[in-house]
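As provided, work.txt (compact mmCIF, C-alpha atoms) reads as follows.
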```txt
# COMPACT_ATOMS: atom_id res chain seq x y z
CA MET Y 1 0.00 0.00 0.00
CA HIS Y 2 1.34 3.40 -1.04
CA ALA Y 3 4.64 1.74 -2.03
CA ASP Y 4 5.65 1.42 1.63
CA ARG Y 5 8.33 -1.17 0.98
CA THR Y 6 9.81 0.85 -1.89
CA ASN Y 7 9.77 3.97 0.29
CA ARG Y 8 11.73 2.23 3.03
CA ILE Y 9 14.28 0.75 0.62
CA MET Y 10 14.81 4.07 -1.17
CA LEU Y 11 15.16 5.98 2.09
CA LEU Y 12 17.64 3.38 3.35
CA LEU Y 13 19.62 3.80 0.12
CA LEU Y 14 19.52 7.58 0.54
CA ALA Y 15 20.79 7.23 4.12
CA LEU Y 16 23.66 5.00 2.97
CA LEU Y 17 24.46 7.40 0.10
CA LEU Y 18 24.54 10.42 2.42
CA LEU Y 19 26.77 8.51 4.85
CA ALA Y 20 29.09 7.32 2.07
CA ILE Y 21 29.50 10.82 0.58
CA GLY Y 22 29.95 12.41 4.00
CA LEU Y 23 32.48 9.83 5.18
CA ASP Y 24 34.40 9.80 1.88
CA ALA Y 25 34.67 13.59 1.62
CA GLY Y 26 35.33 13.81 5.36
CA ALA Y 27 38.13 11.26 5.03
CA ALA Y 28 39.67 13.32 2.20
CA SER Y 29 39.29 16.45 4.32
CA ILE Y 30 41.21 15.05 7.33
CA GLY Y 31 43.96 13.51 5.20
CA VAL Y 32 43.05 9.82 5.21
CA TYR Y 33 43.87 9.66 1.47
CA GLY Y 34 47.20 11.47 1.93
CA THR Y 35 48.34 15.07 2.26
CA SER Y 36 48.35 15.79 -1.47
CA ALA Y 37 44.71 14.73 -1.79
CA GLN Y 38 43.82 16.67 1.35
CA HIS Y 39 45.28 19.91 0.00
CA GLY Y 40 44.31 19.28 -3.62
CA HIS Y 41 41.43 21.13 -5.23
CA LEU Y 42 38.02 19.51 -5.21
CA MET Y 43 38.08 18.79 -8.95
CA ASP Y 44 41.65 17.53 -8.85
CA ASN Y 45 40.91 13.84 -8.36
CA PRO Y 46 40.52 10.76 -10.61
CA THR Y 47 36.73 11.22 -10.90
CA GLY Y 48 37.06 14.90 -11.79
CA ARG Y 49 39.74 14.13 -14.37
CA LEU Y 50 37.62 11.32 -15.87
CA VAL Y 51 34.66 13.67 -16.27
CA GLY Y 52 36.92 16.35 -17.77
CA ALA Y 53 38.51 13.94 -20.27
CA HIS Y 54 35.30 12.19 -21.39
CA GLY Y 55 32.79 15.03 -21.10
CA VAL Y 56 31.88 14.74 -24.80
CA TRP Y 57 29.99 11.50 -24.30
CA LEU Y 58 29.72 11.40 -20.50
CA TRP Y 59 27.25 14.30 -20.13
CA PRO Y 60 24.84 13.06 -22.82
CA ALA Y 61 25.02 9.62 -21.15
CA ALA Y 62 24.31 11.27 -17.80
CA ALA Y 63 21.32 13.04 -19.37
CA VAL Y 64 19.94 9.72 -20.64
CA ALA Y 65 20.45 8.18 -17.19
CA ALA Y 66 18.73 11.22 -15.67
CA LEU Y 67 15.77 10.72 -18.01
CA ILE Y 68 15.42 7.10 -16.84
CA ILE Y 69 15.72 8.18 -13.19
CA ALA Y 70 13.11 10.92 -13.72
CA LEU Y 71 10.66 8.42 -15.25
CA LEU Y 72 11.20 5.92 -12.43
CA ALA Y 73 10.81 8.66 -9.83
CA LEU Y 74 7.61 9.81 -11.53
CA ARG Y 75 6.25 6.25 -11.41
CA TRP Y 76 7.20 6.07 -7.75
CA LEU Y 77 5.44 9.38 -7.03
CA LEU Y 78 2.29 8.25 -8.84
CA ALA Y 79 2.32 4.98 -6.87
CA LEU Y 80 2.70 7.00 -3.67
CA LEU Y 81 -0.21 9.26 -4.47
CA PHE Y 82 -2.70 6.98 -6.18
CA SER Y 83 -1.99 3.31 -5.45
CA THR Y 84 -4.19 1.23 -3.21
CA ASP Y 85 -3.95 -2.33 -1.97
CA ARG Y 86 -7.70 -2.89 -2.27
CA SER Y 87 -8.91 -5.70 -4.50
CA GLY Y 88 -11.19 -4.92 -7.38
CA ASP Y 89 -14.44 -6.80 -7.89
CA LEU Y 90 -14.16 -10.52 -7.24
CA VAL Y 91 -14.68 -13.23 -9.81
CA ILE Y 92 -16.33 -16.34 -8.43
CA HIS Y 93 -15.83 -19.35 -10.67
CA SER Y 94 -18.54 -21.98 -10.70
CA ASN Y 95 -17.64 -25.59 -9.96
CA THR Y 96 -19.07 -26.72 -13.31
CA GLY Y 97 -17.08 -24.16 -15.28
CA ALA Y 98 -20.34 -23.11 -16.96
CA GLY Y 99 -20.08 -19.47 -16.01
CA ARG Y 100 -18.77 -16.95 -13.58
CA THR Y 101 -20.17 -14.49 -11.09
CA ILE Y 102 -18.74 -11.05 -10.41
CA LEU Y 103 -19.11 -10.06 -6.77
CA ASP Y 104 -18.87 -6.35 -6.04
CA ASN Y 105 -16.07 -5.76 -3.54
CA GLY Y 106 -18.13 -3.22 -1.58
CA ALA Y 107 -21.18 -5.48 -1.43
CA LEU Y 108 -19.24 -8.13 0.45
CA THR Y 109 -17.46 -5.76 2.85
CA ASP Y 110 -20.69 -3.83 3.52
CA ALA Y 111 -22.46 -7.08 4.38
CA VAL Y 112 -19.63 -8.10 6.73
CA VAL Y 113 -19.70 -4.71 8.44
CA ALA Y 114 -23.47 -4.72 8.76
CA GLU Y 115 -23.46 -8.18 10.33
CA ILE Y 116 -20.68 -7.40 12.80
CA GLU Y 117 -22.21 -4.06 13.78
CA GLY Y 118 -25.42 -5.97 14.51
CA TYR Y 119 -23.77 -7.91 17.33
CA ARG Y 120 -24.45 -6.58 20.81
CA GLY Y 121 -21.24 -5.14 22.24
CA VAL Y 122 -19.79 -4.04 18.90
CA ASN Y 123 -19.53 -0.28 18.53
CA SER Y 124 -18.41 -0.12 14.92
CA ALA Y 125 -16.67 -2.18 12.25
CA ARG Y 126 -14.74 -1.68 9.03
CA ALA Y 127 -13.83 -4.23 6.37
CA ARG Y 128 -11.87 -4.26 3.14
CA LEU Y 129 -10.61 -6.80 0.69
CA ILE Y 130 -6.98 -6.41 -0.27
CA GLY Y 131 -4.58 -8.04 -2.69
CA ASP Y 132 -5.09 -9.88 -5.95
CA PRO Y 133 -8.81 -10.31 -6.80
CA GLU Y 134 -8.04 -13.97 -7.58
CA ASP Y 135 -6.50 -14.46 -4.14
CA PRO Y 136 -7.85 -11.72 -1.86
CA GLU Y 137 -7.45 -11.22 1.87
CA LEU Y 138 -10.23 -9.93 4.07
CA VAL Y 139 -9.18 -7.34 6.65
CA VAL Y 140 -11.72 -6.50 9.33
CA THR Y 141 -11.47 -4.08 12.22
CA ALA Y 142 -14.09 -4.16 14.96
CA ALA Y 143 -14.36 -1.73 17.86
CA LEU Y 144 -15.81 -3.51 20.89
CA GLU Y 145 -17.50 -1.75 23.76
CA GLU Y 146 -15.40 -1.79 26.91
CA ASN Y 147 -17.90 -3.77 28.98
CA ALA Y 148 -18.47 -6.44 26.32
CA ASP Y 149 -17.45 -10.08 26.62
CA PHE Y 150 -14.45 -9.79 24.29
CA SER Y 151 -13.76 -13.48 23.96
CA ALA Y 152 -17.37 -14.37 23.16
CA LEU Y 153 -17.63 -11.53 20.66
CA ARG Y 154 -14.43 -12.61 18.99
CA ASP Y 155 -15.80 -16.16 18.60
CA ARG Y 156 -19.05 -14.78 17.28
CA ILE Y 157 -17.36 -12.59 14.66
CA GLU Y 158 -15.06 -15.39 13.55
CA THR Y 159 -17.69 -18.10 13.30
CA GLY Y 160 -20.48 -15.76 12.22
CA ALA Y 161 -19.74 -12.81 9.97
CA LEU Y 162 -16.33 -13.97 8.76
CA SER Y 163 -17.54 -17.49 8.15
CA HIS Y 164 -20.49 -16.12 6.15
CA ALA Y 165 -18.12 -13.99 4.05
CA ARG Y 166 -16.09 -17.09 3.27
CA GLN Y 167 -19.21 -18.97 2.30
CA ALA Y 168 -20.22 -16.12 -0.02
CA LEU Y 169 -16.86 -16.26 -1.73
CA GLY Y 170 -16.87 -20.04 -1.85
CA ASN Y 171 -13.50 -20.02 -0.12
CA ARG Y 172 -13.48 -21.73 3.28
CA THR Y 173 -9.86 -20.77 3.92
CA LEU Y 174 -9.99 -17.14 2.76
CA PRO Y 175 -7.04 -15.46 4.52
CA THR Y 176 -8.57 -13.11 7.05
CA GLN Y 177 -7.17 -10.56 9.45
CA LEU Y 178 -9.36 -9.51 12.35
CA ASP Y 179 -8.24 -6.52 14.41
CA LEU Y 180 -10.16 -5.95 17.62
CA THR Y 181 -10.03 -2.68 19.43
CA ILE Y 182 -11.84 -1.60 22.55
CA THR Y 183 -13.61 1.71 22.87
CA SER Y 184 -15.39 3.55 25.64
CA LYS Y 185 -18.01 4.78 23.16
CA ARG Y 186 -21.43 3.17 23.03
CA ALA Y 187 -23.11 2.01 19.83
CA ARG Y 188 -25.33 4.69 18.28
CA ALA Y 189 -28.56 2.72 18.37
CA PRO Y 190 -29.80 -0.35 20.20
CA ARG Y 191 -29.02 -3.55 18.36
CA VAL Y 192 -31.37 -6.35 17.62
CA VAL Y 193 -29.54 -9.63 18.06
CA MET B 1 6.83 6.19 10.80
CA ARG B 2 4.97 4.94 7.76
CA LEU B 3 3.38 8.36 7.25
CA ILE B 4 6.71 10.16 7.70
CA ASN B 5 8.27 7.75 5.20
CA ARG B 6 5.54 8.57 2.69
CA VAL B 7 6.17 12.30 3.04
CA LEU B 8 9.95 11.85 2.80
CA ALA B 9 9.51 9.52 -0.18
CA ALA B 10 7.31 12.08 -1.97
CA LEU B 11 9.91 14.79 -1.35
CA LEU B 12 12.74 12.51 -2.50
CA SER B 13 10.93 11.50 -5.68
CA LEU B 14 10.16 15.16 -6.45
CA ALA B 15 13.80 16.09 -5.82
CA LEU B 16 14.95 13.29 -8.13
CA ILE B 17 12.57 14.41 -10.87
CA ALA B 18 13.63 18.06 -10.51
CA ALA B 19 17.37 17.27 -10.45
CA SER B 20 17.08 14.92 -13.43
CA LEU B 21 15.13 17.42 -15.51
CA LEU B 22 17.60 20.16 -14.59
CA LEU B 23 20.52 18.01 -15.71
CA ILE B 24 18.80 17.12 -19.00
CA ILE B 25 17.97 20.77 -19.75
CA GLU B 26 21.48 21.96 -18.88
CA VAL B 27 23.12 19.30 -21.08
CA ILE B 28 20.84 20.08 -24.03
CA VAL B 29 21.30 23.86 -23.75
CA ASP B 30 25.06 23.52 -23.27
CA ARG B 31 25.34 21.31 -26.36
CA ALA B 32 23.15 23.61 -28.41
CA SER B 33 24.44 27.05 -27.45
CA HIS B 34 27.36 26.62 -25.00
CA ARG B 35 25.63 28.54 -22.23
CA THR B 36 23.82 27.75 -19.01
CA ALA B 37 20.02 27.55 -18.89
CA ILE B 38 18.75 27.64 -15.30
CA VAL B 39 21.70 27.16 -12.92
CA ASN B 40 24.97 28.96 -13.44
CA TRP B 41 27.08 25.86 -12.89
CA HIS B 42 30.20 27.66 -14.16
CA THR B 43 30.35 29.44 -10.80
CA ALA B 44 30.16 26.14 -8.88
CA TYR B 45 32.79 24.62 -11.15
CA HIS B 46 35.05 27.62 -10.63
CA TRP B 47 34.53 27.39 -6.85
CA ALA B 48 35.44 23.66 -6.87
CA GLN B 49 38.58 24.38 -8.87
CA HIS B 50 39.80 26.91 -6.30
CA ASN B 51 38.90 25.24 -3.00
CA THR B 52 40.59 22.32 -1.26
CA TRP B 53 39.16 19.49 0.84
CA THR B 54 40.29 21.30 3.98
CA ALA B 55 37.81 24.16 3.42
CA GLY B 56 35.60 24.79 6.44
CA SER B 57 32.43 24.66 4.34
CA ILE B 58 33.41 21.19 3.07
CA ARG B 59 33.91 19.89 6.60
CA VAL B 60 30.64 21.35 7.83
CA THR B 61 28.82 19.84 4.82
CA CYS B 62 30.44 16.44 5.50
CA GLY B 63 29.36 16.60 9.14
CA LEU B 64 25.79 17.47 8.15
CA LEU B 65 25.66 14.68 5.55
CA ILE B 66 26.95 12.10 8.05
CA LEU B 67 24.47 13.30 10.68
CA ALA B 68 21.53 13.23 8.26
CA GLY B 69 22.57 9.81 6.96
CA LEU B 70 22.87 8.38 10.47
CA VAL B 71 19.53 9.79 11.63
CA LEU B 72 17.76 8.44 8.55
CA LEU B 73 19.51 5.06 8.79
CA ILE B 74 18.62 4.60 12.47
CA ALA B 75 15.03 5.74 11.87
CA GLU B 76 14.57 3.29 9.01
CA LEU B 77 16.22 0.33 10.78
CA LYS B 78 14.47 0.84 14.11
CA PRO B 79 11.81 -1.85 14.60
CA ALA B 80 8.31 -0.48 14.29
CA ARG B 81 6.33 -0.09 17.49
CA VAL B 82 3.99 -3.02 17.93
CA SER B 83 0.52 -2.00 16.80
CA ARG B 84 -1.36 -5.28 17.27
CA LEU B 85 -0.96 -8.19 19.66
CA ALA B 86 -1.99 -11.57 18.31
CA ALA B 87 -4.72 -13.55 19.99
CA ASP B 88 -4.52 -17.32 20.37
CA PRO B 89 -5.45 -19.17 17.17
CA ALA B 90 -9.16 -19.76 16.97
CA GLY B 91 -10.95 -23.08 17.12
CA ALA B 92 -12.89 -24.99 14.48
CA GLY B 93 -14.63 -22.95 11.80
CA ALA B 94 -12.18 -20.09 12.05
CA GLU B 95 -9.06 -21.41 10.35
CA ALA B 96 -6.67 -18.93 8.72
CA ILE B 97 -8.10 -16.03 10.70
CA ALA B 98 -5.34 -13.95 12.23
CA THR B 99 -7.03 -12.23 15.12
CA ALA B 100 -5.28 -9.60 17.16
CA TYR B 101 -6.05 -6.81 19.57
CA THR B 102 -4.79 -3.38 18.72
CA ARG B 103 -2.32 -1.94 21.20
CA ARG B 104 -4.65 0.96 22.01
CA GLY B 105 -7.61 -1.38 22.32
CA LEU B 106 -5.71 -3.60 24.72
CA ALA B 107 -4.69 -0.58 26.79
CA ALA B 108 -8.33 0.55 26.91
CA ALA B 109 -9.51 -2.92 28.00
CA ILE B 110 -6.92 -3.04 30.78
CA LYS B 111 -7.71 0.51 31.87
CA THR B 112 -11.37 -0.43 32.24
CA ALA B 113 -10.42 -3.40 34.42
CA VAL B 114 -8.08 -1.29 36.55
CA THR B 115 -10.55 1.55 37.01
CA ALA B 116 -13.14 -0.95 38.26
CA VAL B 117 -10.93 -1.82 41.25
CA ASP B 118 -12.14 -0.10 44.43
CA GLY B 119 -9.85 2.70 45.53
CA VAL B 120 -8.50 3.60 42.07
CA ARG B 121 -8.88 7.27 41.19
CA SER B 122 -7.23 7.29 37.76
CA SER B 123 -4.92 5.14 35.71
CA ALA B 124 -2.64 5.21 32.69
CA VAL B 125 -1.85 2.03 30.77
CA THR B 126 1.01 1.50 28.34
CA VAL B 127 1.21 -1.69 26.33
CA LYS B 128 4.60 -2.70 25.02
CA ARG B 129 5.69 -5.69 22.96
CA ARG B 130 6.05 -7.96 26.02
CA LYS B 131 4.96 -5.84 28.93
CA VAL B 132 2.02 -3.92 30.31
CA LEU B 133 2.82 -0.88 32.42
CA VAL B 134 0.06 0.39 34.67
CA ALA B 135 0.41 3.66 36.59
CA VAL B 136 -2.40 4.21 39.06
CA THR B 137 -3.33 7.10 41.27
CA ALA B 138 -5.18 5.88 44.36
CA SER B 139 -8.12 7.64 45.96
CA ALA B 140 -6.39 7.32 49.35
CA ARG B 141 -3.79 9.84 50.43
CA ASP B 142 -1.68 7.61 52.64
CA ARG B 143 1.00 5.43 51.16
CA ALA B 144 0.11 2.17 52.92
CA ALA B 145 -3.46 2.24 51.63
CA ALA B 146 -2.22 3.04 48.13
CA ARG B 147 0.33 0.22 48.27
CA SER B 148 -2.36 -2.26 49.31
CA LEU B 149 -4.05 -1.70 45.92
CA ARG B 150 -1.13 -3.13 44.02
CA ASP B 151 -2.15 -6.79 44.32
CA PRO B 152 -5.84 -6.38 43.43
CA ILE B 153 -4.88 -4.21 40.46
CA THR B 154 -2.34 -6.76 39.25
CA ASP B 155 -4.95 -9.51 39.62
CA ALA B 156 -7.49 -7.46 37.68
CA VAL B 157 -5.00 -6.86 34.85
CA ARG B 158 -4.00 -10.54 34.72
CA GLN B 159 -7.65 -11.58 34.72
CA ARG B 160 -8.41 -9.22 31.85
CA LEU B 161 -5.38 -10.44 29.89
CA GLY B 162 -6.49 -14.02 30.50
CA ALA B 163 -9.97 -13.26 29.21
CA LEU B 164 -8.52 -11.77 26.03
CA LYS B 165 -6.60 -15.02 25.30
CA LEU B 166 -3.52 -13.39 23.86
CA HIS B 167 -1.03 -15.57 22.08
CA GLN B 168 1.87 -14.20 24.09
CA THR B 169 1.94 -13.84 27.87
CA LEU B 170 2.63 -10.24 28.81
CA SER B 171 4.33 -9.33 32.05
CA VAL B 172 2.54 -6.80 34.22
CA SER B 173 4.12 -3.93 36.06
CA VAL B 174 1.93 -1.84 38.37
CA SER B 175 2.89 1.33 40.17
CA VAL B 176 0.48 2.98 42.59
CA THR B 177 0.85 6.48 43.94
CA PRO B 178 -1.39 8.04 46.60
CA ARG B 179 -3.57 11.00 45.72
CA SER B 180 -1.59 14.17 46.28
CA ARG B 181 -4.50 16.50 47.23
```

What would you get if you wrote out this structure as structure tokens?
Amino acid sequence: MHADRTNRIMLLLLALLLLAIGLDAGAASIGVYGTSAQHGHLMDNPTGRLVGAHGVWLWPAAAVAALIIALLALRWLLALLFSTDRSGDLVIHSNTGAGRTILDNGALTDAVVAEIEGYRGVNSARARLIGDPEDPELVVTAALEENADFSALRDRIETGALSHARQALGNRTLPTQLDLTITSKRARAPRVV
Amino acid sequence: MRLINRVLAALLSLALIAASLLLIIEVIVDRASHRTAIVNWHTAYHWAQHNTWTAGSIRVTCGLLILAGLVLLIAELKPARVSRLAADPAGAGAEAIATAYTRRGLAAAIKTAVTAVDGVRSSAVTVKRRKVLVAVTASARDRAAARSLRDPITDAVRQRLGALKLHQTLSVSVSVTPRSR
């Protein structure tokens, strides 16, 4: 979601790059590479000389590399701003292979939420389907009232609403994550159980 | 941290795009008309040709780069604070369901149990990866009465943790202070 793994890797690389540049230049500055390097001008080093000698082709090559980097960075930025881990609509294949049913993602999650919020002791619930539509994962968060029987409610959600969602998808082992939180708020309206 | 990473990542990607476009424009303009377009890099080049590695500005820049690199490295490598604590695997009919209590939810559940103990005026609960820290202010003003609350509070917390059936046993640390006024 939102390229979180890419973000972390890129920021780690940036940290290592900053450290490498700082340590390398710092080492040159305190004379680790010898007195002549320490008192030499900034451009008077093998890299500077290489750039000076091969500038005719090196700068155009750098521009091409920059173009690739700009495109990759643009893709990264778009992923950051617009990507989501939510599944699209789900395709349910029939056992006979005679046809297929498209199940609206929101219809399933709304039904799960409605059922869980109908249990006495549940203040609110949220649900979403994430991942590949062919192999989705159901993620449910339920806020339980502080005086509820947490263990009983947990069992009820697992064997009730979540089990029904699995039945609807025809997948008895649908990977499911259930996050329970406890709140001091009371449900908005009395529930009918 | 995830949100901060997203902001930093957006800034980094924008910086990469800007720097790349700048380089491309400068190379094209230099090849076409032998002049600079946006940044007068001749000045920077001239400065680099006349300064040595011992320059104060170079050392300060190195120090800042090392500091920034270290801070970012530590921040990225630091394990994330636990946000959910797994519950024991469920029984029949609930296979492949990973149930957990959120850290805040668990703290709220424990706080409710602690506040229900007679003699407790207020409490603060912190849930860590393996430990629950409970700081209680007693209704009583004398220390002995406050201290006597420690055991019932610990029992109440353990009972609540037991009812939640967490996968991992958390240790409980309770501190009780008497009411000051």

If the cut-off is 7 Å, can you tell me the residues of chain Y near chain B, counting only C-alpha atoms? I'd like them as a JSON list (two decimals) with C-alpha atoms, in the coordinates of the input.
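Output file iface_5.json follows:
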```
[["chain", "number", "residue", "atom", "x", "y", "z"],
["Y", 7, "ASN", "CA", 9.77, 3.97, 0.29],
["Y", 8, "ARG", "CA", 11.73, 2.23, 3.03],
["Y", 12, "LEU", "CA", 17.64, 3.38, 3.35],
["Y", 15, "ALA", "CA", 20.79, 7.23, 4.12],
["Y", 16, "LEU", "CA", 23.66, 5.00, 2.97],
["Y", 18, "LEU", "CA", 24.54, 10.42, 2.42],
["Y", 19, "LEU", "CA", 26.77, 8.51, 4.85],
["Y", 22, "GLY", "CA", 29.95, 12.41, 4.00],
["Y", 23, "LEU", "CA", 32.48, 9.83, 5.18],
["Y", 25, "ALA", "CA", 34.67, 13.59, 1.62],
["Y", 26, "GLY", "CA", 35.33, 13.81, 5.36],
["Y", 28, "ALA", "CA", 39.67, 13.32, 2.20],
["Y", 29, "SER", "CA", 39.29, 16.45, 4.32],
["Y", 38, "GLN", "CA", 43.82, 16.67, 1.35],
["Y", 39, "HIS", "CA", 45.28, 19.91, 0.00],
["Y", 40, "GLY", "CA", 44.31, 19.28, -3.62],
["Y", 41, "HIS", "CA", 41.43, 21.13, -5.23],
["Y", 42, "LEU", "CA", 38.02, 19.51, -5.21],
["Y", 43, "MET", "CA", 38.08, 18.79, -8.95],
["Y", 59, "TRP", "CA", 27.25, 14.30, -20.13],
["Y", 60, "PRO", "CA", 24.84, 13.06, -22.82],
["Y", 63, "ALA", "CA", 21.32, 13.04, -19.37],
["Y", 66, "ALA", "CA", 18.73, 11.22, -15.67],
["Y", 67, "LEU", "CA", 15.77, 10.72, -18.01],
["Y", 69, "ILE", "CA", 15.72, 8.18, -13.19],
["Y", 70, "ALA", "CA", 13.11, 10.92, -13.72],
["Y", 73, "ALA", "CA", 10.81, 8.66, -9.83],
["Y", 74, "LEU", "CA", 7.61, 9.81, -11.53],
["Y", 76, "TRP", "CA", 7.20, 6.07, -7.75],
["Y", 77, "LEU", "CA", 5.44, 9.38, -7.03],
["Y", 146, "GLU", "CA", -15.40, -1.79, 26.91],
["Y", 150, "PHE", "CA", -14.45, -9.79, 24.29],
["Y", 151, "SER", "CA", -13.76, -13.48, 23.96],
["Y", 158, "GLU", "CA", -15.06, -15.39, 13.55],
["Y", 159, "THR", "CA", -17.69, -18.10, 13.30],
["Y", 173, "THR", "CA", -9.86, -20.77, 3.92],
["Y", 175, "PRO", "CA", -7.04, -15.46, 4.52],
["Y", 176, "THR", "CA", -8.57, -13.11, 7.05],
["Y", 177, "GLN", "CA", -7.17, -10.56, 9.45],
["Y", 178, "LEU", "CA", -9.36, -9.51, 12.35],
["Y", 179, "ASP", "CA", -8.24, -6.52, 14.41],
["Y", 180, "LEU", "CA", -10.16, -5.95, 17.62],
["Y", 181, "THR", "CA", -10.03, -2.68, 19.43],
["Y", 182, "ILE", "CA", -11.84, -1.60, 22.55],
["Y", 183, "THR", "CA", -13.61, 1.71, 22.87]]
```

Legend entry - Point (5.6, -6.5, 34.2), cut-off 8 Å, counting all atoms listed in the file, residues as a list in words: Lys131, Val132, Leu133, Leu170, Ser171, Val172, Ser173 and Val174 of chain B

Selected residues written out, C-alpha atoms, as a PDB file, keeping the file's coordinate frame:
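Saved file result-v8.pdb follows:
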```pdb
ATOM      1  CA  LYS B 131       4.960  -5.840  28.930  1.00  0.00           C
ATOM      2  CA  VAL B 132       2.020  -3.920  30.310  1.00  0.00           C
ATOM      3  CA  LEU B 133       2.820  -0.880  32.420  1.00  0.00           C
ATOM      4  CA  LEU B 170       2.630 -10.240  28.810  1.00  0.00           C
ATOM      5  CA  SER B 171       4.330  -9.330  32.050  1.00  0.00           C
ATOM      6  CA  VAL B 172       2.540  -6.800  34.220  1.00  0.00           C
ATOM      7  CA  SER B 173       4.120  -3.930  36.060  1.00  0.00           C
ATOM      8  CA  VAL B 174       1.930  -1.840  38.370  1.00  0.00           C
TER       9      VAL B 174
END
```

Legend entry - Closest of Y:Arg75, Y:Lys185, Y:Arg5, Y:Arg156 to Ile116 in chain Y - atom-to-atom distances counting only C-alpha atoms: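 Among the listed residues, Y:Arg156 lies closest to Ile116 in chain Y.
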
Inset, instruction - Skip Leu108 in chain Y itself and residues of its chain fewer than 5 positions away, then list as a list in words all residues within 10 Å of it, counting only C-alpha atoms. - result: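 Skipping anything fewer than 5 positions along the chain leaves Asp89, Leu90, Leu103, Val113, Ala114, Ala127, Arg128, Leu129, Leu138, His164, Ala165, Arg166, Ala168 and Leu169 of chain Y.
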
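Computed from the coordinates, the CA of Ala3 in chain Y to CA of Val139 in chain Y distance equals 18.7 Å.
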
Inset, instruction - Tell me, as a PyMOL selection string, which residues lie within 6 Å of Ala161 in chain Y, counting all atoms listed in the file; anything in the same chain fewer than 2 positions away does not count. - result: chain Y and resi 112+115+157+163-164

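One distance worth recording is that between CA of Thr115 in chain B and CA of Ile153 in chain B, which is 8.8 Å.
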
Inset, instruction - Could you tell me how far CA of Arg129 in chain B lies from CA of Val82 in chain B, in Å and to one decimal? - result: 5.9 Å

Padded axis-aligned box of range 127-140 of chain B (3 Å per side), centre and edge lengths, Å, one decimal, as lines of an AutoDock Vina configuration file:
```
center_x = -1.0
center_y = -0.2
center_z = 36.2
size_x = 20.2
size_y = 21.6
size_z = 32.4
```

Legend entry - Counting only C-alpha atoms, the option among Y:Leu162, Y:Asn123, Y:Arg49, Y:Asp4 closest to Leu81 in chain Y: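 Ranked by minimum distance to Leu81 in chain Y, first place goes to Y:Asp4.
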